[in-house]
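Asks: Please find model_36.cif (mmCIF, C-alpha atoms) on the next line:
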```
data_data
#
loop_
_atom_site.label_atom_id
_atom_site.label_comp_id
_atom_site.auth_asym_id
_atom_site.auth_seq_id
_atom_site.Cartn_x
_atom_site.Cartn_y
_atom_site.Cartn_z
CA MET G 1 -20.82 -4.95 10.64
CA LYS G 2 -19.52 -6.58 7.47
CA ASN G 3 -17.08 -9.48 7.91
CA THR G 4 -18.28 -10.15 11.41
CA TYR G 5 -19.47 -13.55 12.43
CA LEU G 6 -19.79 -15.47 15.66
CA ARG G 7 -18.02 -18.61 16.73
CA ASN G 8 -19.35 -20.31 19.86
CA MET G 9 -16.84 -21.92 22.18
CA ASP G 10 -17.28 -23.35 25.66
CA SER G 11 -17.77 -20.24 27.70
CA VAL G 12 -16.69 -17.44 25.44
CA LYS G 13 -17.79 -16.08 22.11
CA ILE G 14 -15.29 -14.96 19.50
CA ILE G 15 -16.36 -12.16 17.21
CA GLU G 16 -14.16 -11.89 14.17
CA ILE G 17 -13.45 -8.32 13.11
CA LYS G 18 -10.43 -8.33 10.75
CA LYS G 19 -10.27 -4.59 10.34
CA SER G 20 -7.32 -2.27 9.96
CA VAL G 21 -7.31 0.50 12.57
CA PHE G 22 -6.60 2.95 9.73
CA GLU G 23 -9.67 1.93 7.71
CA ASP G 24 -12.16 4.48 9.12
CA ASN G 25 -9.61 7.27 8.87
CA ASP G 26 -8.72 6.41 5.27
CA ARG G 27 -12.41 6.57 4.37
CA ALA G 28 -12.92 9.90 6.15
CA ALA G 29 -9.82 11.28 4.38
CA ASP G 30 -11.14 10.27 0.96
CA GLN G 31 -14.48 11.92 1.72
CA LEU G 32 -12.76 15.14 2.76
CA ARG G 33 -10.61 15.15 -0.40
CA THR G 34 -13.70 14.68 -2.58
CA GLU G 35 -15.42 17.55 -0.80
CA LEU G 36 -12.35 19.81 -1.22
CA LYS G 37 -12.20 18.98 -4.91
CA ARG G 38 -15.84 19.89 -5.35
CA LYS G 39 -15.16 23.24 -3.70
CA GLY G 40 -11.86 23.78 -5.57
CA VAL G 41 -9.82 24.12 -2.39
CA TYR G 42 -6.28 22.79 -2.16
CA LEU G 43 -5.21 21.41 1.22
CA LEU G 44 -1.48 20.84 1.73
CA ASN G 45 -0.32 18.67 4.62
CA LEU G 46 3.11 19.94 5.65
CA MET G 47 5.16 17.71 7.94
CA SER G 48 8.64 17.72 9.45
CA ALA G 49 10.66 17.12 12.58
CA PRO G 50 10.53 19.87 15.25
CA GLY G 51 12.88 22.73 14.47
CA SER G 52 13.25 22.14 10.73
CA GLY G 53 11.99 25.64 9.93
CA LYS G 54 8.40 24.87 8.92
CA THR G 55 6.96 28.13 10.20
CA THR G 56 9.71 30.31 8.70
CA THR G 57 9.38 28.50 5.36
CA LEU G 58 5.63 29.06 5.44
CA ILE G 59 5.98 32.77 6.13
CA GLN G 60 8.39 33.19 3.19
CA THR G 61 6.18 31.13 0.89
CA ILE G 62 2.90 32.80 1.87
CA ASN G 63 4.35 36.26 1.37
CA ARG G 64 5.20 35.30 -2.23
CA LEU G 65 1.72 33.92 -2.97
CA LYS G 66 -0.80 35.88 -0.90
CA ASP G 67 -1.53 38.48 -3.58
CA LYS G 68 -2.30 35.79 -6.16
CA ILE G 69 -4.39 33.31 -4.17
CA ARG G 70 -6.41 33.31 -0.95
CA ILE G 71 -4.43 31.45 1.73
CA ALA G 72 -5.16 30.27 5.26
CA VAL G 73 -3.02 28.26 7.67
CA MET G 74 -4.02 25.64 10.20
CA GLU G 75 -1.41 25.03 12.86
CA ALA G 76 -1.54 21.73 14.71
CA ASP G 77 0.41 21.44 17.91
CA ILE G 78 0.14 19.56 21.15
CA ASP G 79 -0.09 22.89 22.98
CA SER G 80 0.44 26.70 22.66
CA ASP G 81 -0.43 29.10 19.85
CA VAL G 82 3.01 30.60 19.16
CA ASP G 83 3.06 29.39 15.54
CA ALA G 84 -0.42 30.65 14.66
CA VAL G 85 0.36 34.09 16.11
CA LYS G 86 3.73 34.21 14.35
CA ILE G 87 2.20 33.38 10.95
CA LYS G 88 -0.57 35.94 11.36
CA ASP G 89 1.84 38.69 12.43
CA ALA G 90 4.32 38.00 9.64
CA THR G 91 1.92 37.47 6.72
CA GLY G 92 -1.48 38.87 7.68
CA VAL G 93 -3.26 35.74 6.44
CA GLU G 94 -5.86 33.95 8.52
CA SER G 95 -4.25 31.44 10.80
CA ILE G 96 -5.93 29.12 13.26
CA GLN G 97 -4.44 26.92 15.95
CA LEU G 98 -5.55 23.35 16.58
CA HIS G 99 -4.60 21.51 19.73
CA THR G 100 -4.24 17.76 19.36
CA GLY G 101 -4.74 17.15 23.08
CA GLY G 102 -1.53 15.16 23.46
CA MET G 103 -1.91 13.24 20.22
CA CYS G 104 1.19 13.04 18.07
CA HIS G 105 -0.58 13.56 14.74
CA LEU G 106 -3.72 14.87 13.08
CA ASP G 107 -6.24 12.56 11.48
CA ALA G 108 -8.90 13.27 8.86
CA GLU G 109 -11.67 13.85 11.39
CA MET G 110 -9.62 16.39 13.37
CA THR G 111 -8.67 18.11 10.10
CA GLN G 112 -12.29 18.29 9.02
CA GLN G 113 -13.33 19.75 12.39
CA GLY G 114 -10.43 22.20 12.27
CA LEU G 115 -11.44 23.41 8.82
CA ASN G 116 -14.94 24.12 10.11
CA GLY G 117 -16.02 26.07 7.08
CA LEU G 118 -12.63 27.66 6.44
CA GLU G 119 -12.58 25.89 3.08
CA ASP G 120 -15.39 28.07 1.73
CA ARG G 121 -13.28 31.21 1.69
CA PHE G 122 -9.83 30.10 0.50
CA ASP G 123 -7.96 28.63 -2.47
CA LEU G 124 -5.12 27.15 -0.45
CA ILE G 125 -5.14 25.90 3.11
CA ILE G 126 -1.85 24.77 4.58
CA LEU G 127 -1.99 22.34 7.45
CA GLU G 128 1.17 22.52 9.53
CA ASN G 129 1.15 19.10 11.15
CA VAL G 130 2.69 18.19 14.53
CA GLY G 131 6.51 18.15 14.38
CA ASN G 132 7.22 14.43 14.15
CA LEU G 133 8.54 12.14 11.39
CA VAL G 134 6.71 8.98 12.44
CA CYS G 135 3.03 9.26 13.32
CA PRO G 136 1.77 11.97 10.93
CA ALA G 137 2.91 9.79 8.02
CA GLU G 138 0.52 7.02 9.03
CA PHE G 139 -2.65 9.06 9.15
CA ASP G 140 -4.11 10.43 5.95
CA THR G 141 -5.44 13.90 6.78
CA GLY G 142 -7.51 14.25 3.61
CA ALA G 143 -4.98 16.65 2.11
CA VAL G 144 -4.50 16.83 -1.66
CA LYS G 145 -0.74 16.43 -1.34
CA ASN G 146 1.83 15.80 1.38
CA ALA G 147 5.03 17.77 1.66
CA MET G 148 7.78 17.61 4.23
CA ILE G 149 10.73 19.74 5.22
CA LEU G 150 14.05 18.13 6.01
CA SER G 151 16.68 20.52 7.35
CA VAL G 152 20.40 20.11 6.73
CA PRO G 153 21.43 19.64 10.41
CA GLU G 154 19.15 16.58 10.61
CA GLY G 155 21.38 14.72 8.14
CA HIS G 156 20.97 13.30 4.64
CA ASP G 157 20.28 9.77 5.93
CA LYS G 158 16.80 10.55 7.28
CA PRO G 159 14.95 9.00 4.28
CA LEU G 160 16.57 5.71 5.29
CA LYS G 161 15.53 6.04 8.93
CA TYR G 162 11.96 7.25 8.41
CA PRO G 163 10.94 5.35 5.28
CA LEU G 164 7.18 5.85 5.54
CA MET G 165 7.41 9.65 5.83
CA PHE G 166 9.44 9.85 2.62
CA THR G 167 7.17 7.33 0.88
CA VAL G 168 4.01 9.39 1.46
CA CYS G 169 5.50 12.80 0.59
CA ASP G 170 5.05 14.20 -2.91
CA THR G 171 7.51 17.00 -2.28
CA VAL G 172 10.53 17.21 0.00
CA VAL G 173 11.88 20.66 0.79
CA ILE G 174 15.48 20.62 2.00
CA ASN G 175 15.88 23.65 4.25
CA LYS G 176 18.87 25.49 5.76
CA ILE G 177 21.12 24.85 2.77
CA ASP G 178 23.17 27.89 3.85
CA VAL G 179 24.75 25.81 6.63
CA MET G 180 25.60 22.89 4.34
CA PRO G 181 29.39 23.59 4.54
CA TYR G 182 29.32 23.09 8.31
CA PHE G 183 27.57 19.72 8.22
CA ASP G 184 28.43 16.49 6.44
CA PHE G 185 25.26 16.78 4.38
CA ASP G 186 25.42 15.19 0.94
CA LEU G 187 22.59 16.65 -1.16
CA GLU G 188 22.98 14.14 -4.01
CA LYS G 189 22.96 11.20 -1.59
CA CYS G 190 19.89 12.67 0.10
CA LYS G 191 18.04 12.92 -3.24
CA GLU G 192 19.03 9.34 -4.03
CA TYR G 193 17.63 8.11 -0.70
CA ILE G 194 14.41 10.10 -1.15
CA HIS G 195 13.89 8.62 -4.62
CA MET G 196 14.45 5.12 -3.24
CA ARG G 197 11.35 5.72 -1.13
CA ASN G 198 9.35 7.63 -3.72
CA PRO G 199 10.74 7.81 -7.28
CA GLU G 200 8.22 10.56 -8.16
CA ALA G 201 9.10 12.93 -5.29
CA THR G 202 10.00 16.52 -6.13
CA VAL G 203 13.03 17.76 -4.16
CA ILE G 204 13.42 21.51 -3.61
CA PRO G 205 16.51 22.83 -1.75
CA ILE G 206 15.87 26.15 0.00
CA CYS G 207 17.07 28.47 2.72
CA ALA G 208 14.03 29.98 4.40
CA LYS G 209 16.19 32.48 6.29
CA THR G 210 17.79 34.08 3.21
CA GLY G 211 14.93 33.24 0.82
CA GLU G 212 17.11 31.21 -1.53
CA GLY G 213 15.07 28.61 -3.43
CA VAL G 214 11.77 29.69 -1.85
CA ASP G 215 10.54 30.97 -5.24
CA ALA G 216 10.76 27.42 -6.60
CA PHE G 217 8.70 26.01 -3.75
CA ALA G 218 6.14 28.82 -4.02
CA GLN G 219 5.87 28.20 -7.77
CA TRP G 220 5.38 24.45 -7.23
CA LEU G 221 2.61 25.16 -4.74
CA PHE G 222 0.96 27.78 -6.96
CA ASP G 223 0.94 25.39 -9.96
CA GLU G 224 -0.49 22.63 -7.76
CA VAL G 225 -3.36 24.84 -6.58
CA ARG G 226 -4.21 25.98 -10.13
CA GLN G 227 -4.12 22.40 -11.49
CA TRP G 228 -6.39 21.20 -8.69
CA GLN G 229 -8.85 24.03 -9.32
CA ASN G 230 -8.87 23.28 -13.06
CA LYS G 231 -9.64 19.63 -12.35
CA SER G 232 -12.33 20.75 -9.96
CA SER G 233 -14.05 23.04 -12.48
CA ILE G 234 -13.85 20.39 -15.24
CA GLU G 235 -15.61 17.88 -12.99
CA THR G 236 -18.17 20.43 -11.82
CA ASN G 237 -19.05 21.31 -15.41
CA LYS G 238 -19.45 17.64 -16.26
CA SER G 239 -21.90 16.96 -13.46
CA MET F 1 2.89 8.59 22.32
CA HIS F 2 2.30 7.05 18.90
CA GLU F 3 0.97 3.84 20.43
CA LEU F 4 -1.52 5.77 22.58
CA GLY F 5 -3.06 7.28 19.47
CA ILE F 6 -3.40 3.82 17.95
CA VAL F 7 -5.01 2.58 21.19
CA PHE F 8 -7.73 5.24 20.93
CA TYR F 9 -8.54 3.97 17.43
CA ILE F 10 -8.67 0.36 18.65
CA ILE F 11 -11.00 1.31 21.51
CA ARG F 12 -13.32 3.16 19.15
CA ASP F 13 -13.50 0.24 16.70
CA VAL F 14 -13.92 -2.39 19.44
CA LYS F 15 -16.72 -0.45 21.13
CA LYS F 16 -18.48 -0.07 17.80
CA ALA F 17 -18.20 -3.79 17.00
CA ALA F 18 -19.34 -4.73 20.50
CA GLU F 19 -22.39 -2.49 20.32
CA GLU F 20 -23.31 -3.82 16.89
CA ASN F 21 -23.20 -7.34 18.32
CA GLY F 22 -25.09 -6.49 21.50
CA VAL F 23 -22.04 -7.16 23.67
CA LYS F 24 -21.72 -5.46 27.09
CA LYS F 25 -18.28 -6.70 28.14
CA VAL F 26 -15.15 -7.64 26.18
CA SER F 27 -12.56 -9.88 27.84
CA THR F 28 -9.84 -10.02 25.14
CA VAL F 29 -8.98 -8.07 22.01
CA VAL F 30 -6.70 -9.89 19.58
CA MET F 31 -4.52 -7.74 17.32
CA ASN F 32 -2.46 -8.68 14.28
CA ILE F 33 0.60 -6.45 14.34
CA GLY F 34 3.08 -6.52 11.48
CA GLU F 35 6.76 -6.64 12.31
CA VAL F 36 7.50 -3.40 10.44
CA SER F 37 4.29 -1.56 11.31
CA THR F 38 6.32 0.77 13.63
CA ILE F 39 4.18 -0.38 16.57
CA ILE F 40 6.16 -1.50 19.62
CA PRO F 41 4.03 -4.26 21.19
CA ASP F 42 5.06 -3.52 24.81
CA TYR F 43 4.20 0.17 24.43
CA LEU F 44 0.89 -0.75 22.84
CA THR F 45 -0.13 -3.05 25.71
CA ASP F 46 0.99 -0.46 28.32
CA CYS F 47 -1.07 2.28 26.65
CA TRP F 48 -3.95 -0.18 26.27
CA ARG F 49 -4.00 -0.93 30.01
CA TRP F 50 -4.13 2.75 30.88
CA ALA F 51 -6.82 3.70 28.36
CA ALA F 52 -8.97 0.54 28.35
CA ASP F 53 -9.48 0.61 32.13
CA LYS F 54 -11.19 3.98 31.74
CA GLU F 55 -13.93 2.30 29.67
CA GLU F 56 -16.65 0.34 31.47
CA MET F 57 -16.89 -2.23 28.66
CA LEU F 58 -13.12 -2.80 28.52
CA ARG F 59 -12.11 -2.72 32.20
CA GLY F 60 -9.57 -5.51 32.75
CA CYS F 61 -9.79 -6.51 29.07
CA GLU F 62 -6.59 -8.10 27.79
CA LEU F 63 -4.90 -6.97 24.57
CA LYS F 64 -3.32 -9.96 22.88
CA ILE F 65 -0.84 -9.38 20.08
CA GLU F 66 -0.24 -11.90 17.31
CA PRO F 67 2.80 -10.71 15.36
CA ILE F 68 2.96 -11.00 11.58
CA PRO F 69 6.52 -11.51 10.26
CA ALA F 70 7.48 -9.04 7.54
CA VAL F 71 8.18 -10.48 4.07
CA THR F 72 9.51 -8.58 1.06
CA HIS F 73 9.13 -9.63 -2.57
CA CYS F 74 11.89 -9.02 -5.11
CA ASP F 75 10.86 -8.09 -8.66
CA GLY F 76 14.43 -8.72 -9.79
CA CYS F 77 14.52 -12.48 -9.15
CA GLY F 78 10.95 -13.18 -8.05
CA LYS F 79 11.92 -14.52 -4.63
CA ASP F 80 10.62 -13.54 -1.18
CA TYR F 81 12.85 -12.84 1.82
CA PRO F 82 12.51 -11.73 5.49
CA THR F 83 12.39 -7.91 5.55
CA VAL F 84 13.94 -7.24 8.94
CA ALA F 85 17.12 -9.21 8.22
CA HIS F 86 17.80 -7.73 4.77
CA GLY F 87 15.85 -4.47 4.41
CA LYS F 88 15.39 -3.02 0.94
CA ASN F 89 18.11 -5.05 -0.84
CA CYS F 90 17.32 -8.59 -2.00
CA PRO F 91 19.76 -11.09 -0.40
CA HIS F 92 19.38 -13.40 -3.42
CA CYS F 93 20.24 -11.09 -6.31
CA GLY F 94 21.05 -7.69 -4.74
CA SER F 95 18.21 -5.87 -6.52
CA GLU F 96 16.56 -2.81 -4.93
CA GLN F 97 13.36 -3.34 -6.90
CA THR F 98 11.61 -4.85 -3.91
CA TRP F 99 8.33 -4.26 -2.11
CA LEU F 100 6.71 -5.28 1.13
CA LEU F 101 4.38 -8.26 0.82
CA ARG F 102 3.20 -8.21 4.43
CA GLY F 103 4.30 -6.99 7.83
CA ASN F 104 2.70 -3.55 7.86
CA GLU F 105 -0.60 -4.62 9.47
CA VAL F 106 -2.25 -2.89 12.41
CA GLU F 107 -5.41 -4.90 12.43
CA ILE F 108 -8.03 -5.92 14.98
CA LYS F 109 -8.37 -9.66 14.38
CA GLU F 110 -11.14 -10.56 16.80
CA ILE F 111 -12.67 -9.84 20.16
CA ILE F 112 -13.47 -12.44 22.78
CA VAL F 113 -16.51 -11.92 24.99
CA PRO F 114 -17.82 -13.89 27.95
CA GLU F 115 -20.98 -15.87 27.20
#
```
So that I can check it, write out the structure of this file as structure tokens.
Replies:
Amino acid sequence: MKNTYLRNMDSVKIIEIKKSVFEDNDRAADQLRTELKRKGVYLLNLMSAPGSGKTTTLIQTINRLKDKIRIAVMEADIDSDVDAVKIKDATGVESIQLHTGGMCHLDAEMTQQGLNGLEDRFDLIILENVGNLVCPAEFDTGAVKNAMILSVPEGHDKPLKYPLMFTVCDTVVINKIDVMPYFDFDLEKCKEYIHMRNPEATVIPICAKTGEGVDAFAQWLFDEVRQWQNKSSIETNKS
Amino acid sequence: MHELGIVFYIIRDVKKAAEENGVKKVSTVVMNIGEVSTIIPDYLTDCWRWAADKEEMLRGCELKIEPIPAVTHCDGCGKDYPTVAHGKNCPHCGSEQTWLLRGNEVEIKEIIVPE
């Protein structure tokens, strides 16, 4: 292994390693992204806390896009298949369930195994990560972009409390805006905090239940997929 | 739960390094853990004990943690300051144009093996 050398001491040997535990995963994630680009497939990593309305938001979004692009969903949970079944029943798109076996996040290797050829038949694959604002942010899944859903009852201060999550997300969807009058949720403050973590982040307020704002999110996603596929075909033509 | 996931990564990397160096038994793994890496050292060592003892090569192996203090640099005034005490805002000039210099590490520093 590179950077490894031996130091002899009295009765023990010290082997220097100096390696980040994220290094192998980051490399696997980059490989997966390169492969997806070659195939022109857009993988979105969608994260949030439990109960923020990820599945409902997905159903609304997929139903707006499924006639234009080929979509599949990968659900990652510690256990059960309720989400995968719900998505399939409500949208008709292919939906598979991954079990993380107790792990609190998905990594690039698990994502790659989960895809298992799925990427050959679709334009957009949405990975619904484990509900958790800490661990999924640390592990690059190999997705093209990261998005997260923050729901109004969770409070507008969450970007301050979970800095890494909001740093790695390209888009933040603020869900359940219909209940804003009942909570002390300050949308402008929330946007300010998000932009402290990531000045480039797109913020899209929605209500998945009534459908308000979902068009904007669907449009963002659609444009993302088309841009990625254009980049992909330009590079393919070059090579 | 988060720490257990990290432990599985450490075990994988340590086993790989040990095999590459022809090592059969590891007595200590030394980690550099940044102060703002979100790792709680006590949880990490507890998870380590549980998981490492299931591996022949790592049975009884100690996990030693060397903390790295977090330091933030301010682009506003060019000074550095301790991250945990002051967070995002520079205590010298009040600027928010600051970034983490170090303190985010989750790194395997070295492994110690019996001769």
Asks: Pull out every residue of chain G sitting within 9 Å of chain F, counting only C-alpha atoms, and send them as a ChimeraX atom specification.
Replies: /G:1,4,8-22,24,102-105,134-135,196
Asks: Between F:Val71, F:Ala85, F:Leu63, F:Cys77, which residue has the minimum interatomic distance to Asp42 of chain F, considering only C-alpha atoms?
Replies: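 Looking only at the distances to Asp42 of chain F, the closest residue turns out to be F:Leu63.
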Asks: So what does the PyMOL selection byres ((chain F and resi 98) around 12) actually pick up in this one, as a ChimeraX atom specification?
Replies: /G:196-197 /F:71-83,86-97,99-101
Asks: Just the number, please: distance in Å from atom CA of Ser95 of chain G to atom CA of Glu35 of chain G, one decimal.
Replies: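 Answer for the atom CA of Ser95 of chain G to atom CA of Glu35 of chain G separation: 21.3 Å.
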Asks: When you count only C-alpha atoms, which of these residues is closest to Trp220 of chain G: G:Ser80, G:Thr61, G:Asn129, G:Thr111?
Replies: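 For Trp220 of chain G, the nearest of the candidates is G:Thr61.
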Asks: Atom CA of Leu124 of chain G and atom CA of Ile69 of chain G, how far apart in Å?
Replies: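 These two atoms are separated by 7.2 Å.
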Asks: What does the distance between atom CA of Asn63 of chain G and atom CA of Gly92 of chain G come to in Å, to one decimal place?
Replies: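 The value is 9.0 Å.
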Asks: The PyMOL selection byres ((chain F and resi 36) around 8) on the file shown: which residues, as an NGL selection string?
Replies: :F and (34-35 or 37-39 or 70 or 84 or 103-104)
Asks: Of the candidates F:Pro41, F:Asp53, F:Glu19, F:Cys47, which one gets nearest to Ile65 of chain F if we count only C-alpha atoms?
Replies: F:Pro41
Asks: Select, from G:Thr100, G:Gln219, G:Gln113, G:Thr141, the residue with the minimum atom-to-atom distance to Val168 of chain G, counting all atoms listed in the file.
Replies: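 Comparing G:Thr100, G:Gln219, G:Gln113, G:Thr141 against Val168 of chain G, the winner is G:Thr141.
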Asks: For a cut-off of 12 Å around (3.9, 30.7, 9.2), file coordinates, pick out all residues using all atoms listed in the file and list them as a PyMOL selection string.
Replies: chain G and resi 46+53-63+71-76+81-97+125-128+208
Asks: Rebuild all heavy atoms on segment 204-214 of chain G, as a short mmCIF file (atom, residue, chain, number, x, y, z; two decimals), in the frame of the given file?
Replies:
```cif
data_model
loop_
_atom_site.label_atom_id
_atom_site.label_comp_id
_atom_site.auth_asym_id
_atom_site.auth_seq_id
_atom_site.Cartn_x
_atom_site.Cartn_y
_atom_site.Cartn_z
N ILE G 204 13.15 20.08 -3.43
CA ILE G 204 13.42 21.51 -3.61
C ILE G 204 14.33 22.02 -2.48
O ILE G 204 13.89 22.16 -1.34
CB ILE G 204 12.10 22.34 -3.63
CG1 ILE G 204 11.12 21.77 -4.68
CG2 ILE G 204 12.39 23.81 -3.89
CD1 ILE G 204 9.75 22.42 -4.68
N PRO G 205 15.61 22.29 -2.78
CA PRO G 205 16.51 22.83 -1.75
C PRO G 205 16.25 24.33 -1.54
O PRO G 205 16.15 25.08 -2.52
CB PRO G 205 17.92 22.61 -2.34
CG PRO G 205 17.72 21.79 -3.59
CD PRO G 205 16.32 22.04 -4.04
N ILE G 206 16.13 24.73 -0.29
CA ILE G 206 15.87 26.15 0.00
C ILE G 206 16.65 26.61 1.24
O ILE G 206 17.19 25.79 1.99
CB ILE G 206 14.36 26.44 0.27
CG1 ILE G 206 13.92 25.83 1.62
CG2 ILE G 206 13.46 25.94 -0.83
CD1 ILE G 206 12.67 26.45 2.19
N CYS G 207 16.66 27.94 1.42
CA CYS G 207 17.07 28.47 2.72
C CYS G 207 16.00 29.49 3.11
O CYS G 207 15.92 30.57 2.52
CB CYS G 207 18.44 29.15 2.63
SG CYS G 207 18.86 29.96 4.17
N ALA G 208 15.16 29.11 4.05
CA ALA G 208 14.03 29.98 4.40
C ALA G 208 14.51 31.29 4.99
O ALA G 208 13.87 32.33 4.85
CB ALA G 208 13.12 29.26 5.39
N LYS G 209 15.67 31.28 5.63
CA LYS G 209 16.19 32.48 6.29
C LYS G 209 16.62 33.54 5.26
O LYS G 209 16.30 34.71 5.40
CB LYS G 209 17.38 32.09 7.17
CG LYS G 209 17.69 33.08 8.24
CD LYS G 209 18.81 32.60 9.12
CE LYS G 209 19.38 33.76 9.92
NZ LYS G 209 20.66 33.38 10.51
N THR G 210 17.33 33.12 4.22
CA THR G 210 17.79 34.08 3.21
C THR G 210 16.81 34.19 2.04
O THR G 210 16.89 35.10 1.24
CB THR G 210 19.15 33.64 2.63
OG1 THR G 210 18.98 32.37 1.97
CG2 THR G 210 20.20 33.50 3.72
N GLY G 211 15.90 33.21 1.92
CA GLY G 211 14.93 33.24 0.82
C GLY G 211 15.38 32.45 -0.40
O GLY G 211 14.60 32.28 -1.35
N GLU G 212 16.60 31.96 -0.38
CA GLU G 212 17.11 31.21 -1.53
C GLU G 212 16.24 29.97 -1.81
O GLU G 212 15.96 29.20 -0.89
CB GLU G 212 18.56 30.77 -1.23
CG GLU G 212 19.25 30.13 -2.42
CD GLU G 212 20.66 29.62 -2.06
OE1 GLU G 212 21.16 29.93 -0.96
OE2 GLU G 212 21.23 28.90 -2.90
N GLY G 213 15.83 29.81 -3.04
CA GLY G 213 15.07 28.61 -3.43
C GLY G 213 13.59 28.66 -3.09
O GLY G 213 12.82 27.82 -3.56
N VAL G 214 13.18 29.65 -2.28
CA VAL G 214 11.77 29.69 -1.85
C VAL G 214 10.84 29.95 -3.05
O VAL G 214 9.73 29.44 -3.09
CB VAL G 214 11.56 30.72 -0.72
CG1 VAL G 214 10.09 30.78 -0.33
CG2 VAL G 214 12.41 30.37 0.49
#
```
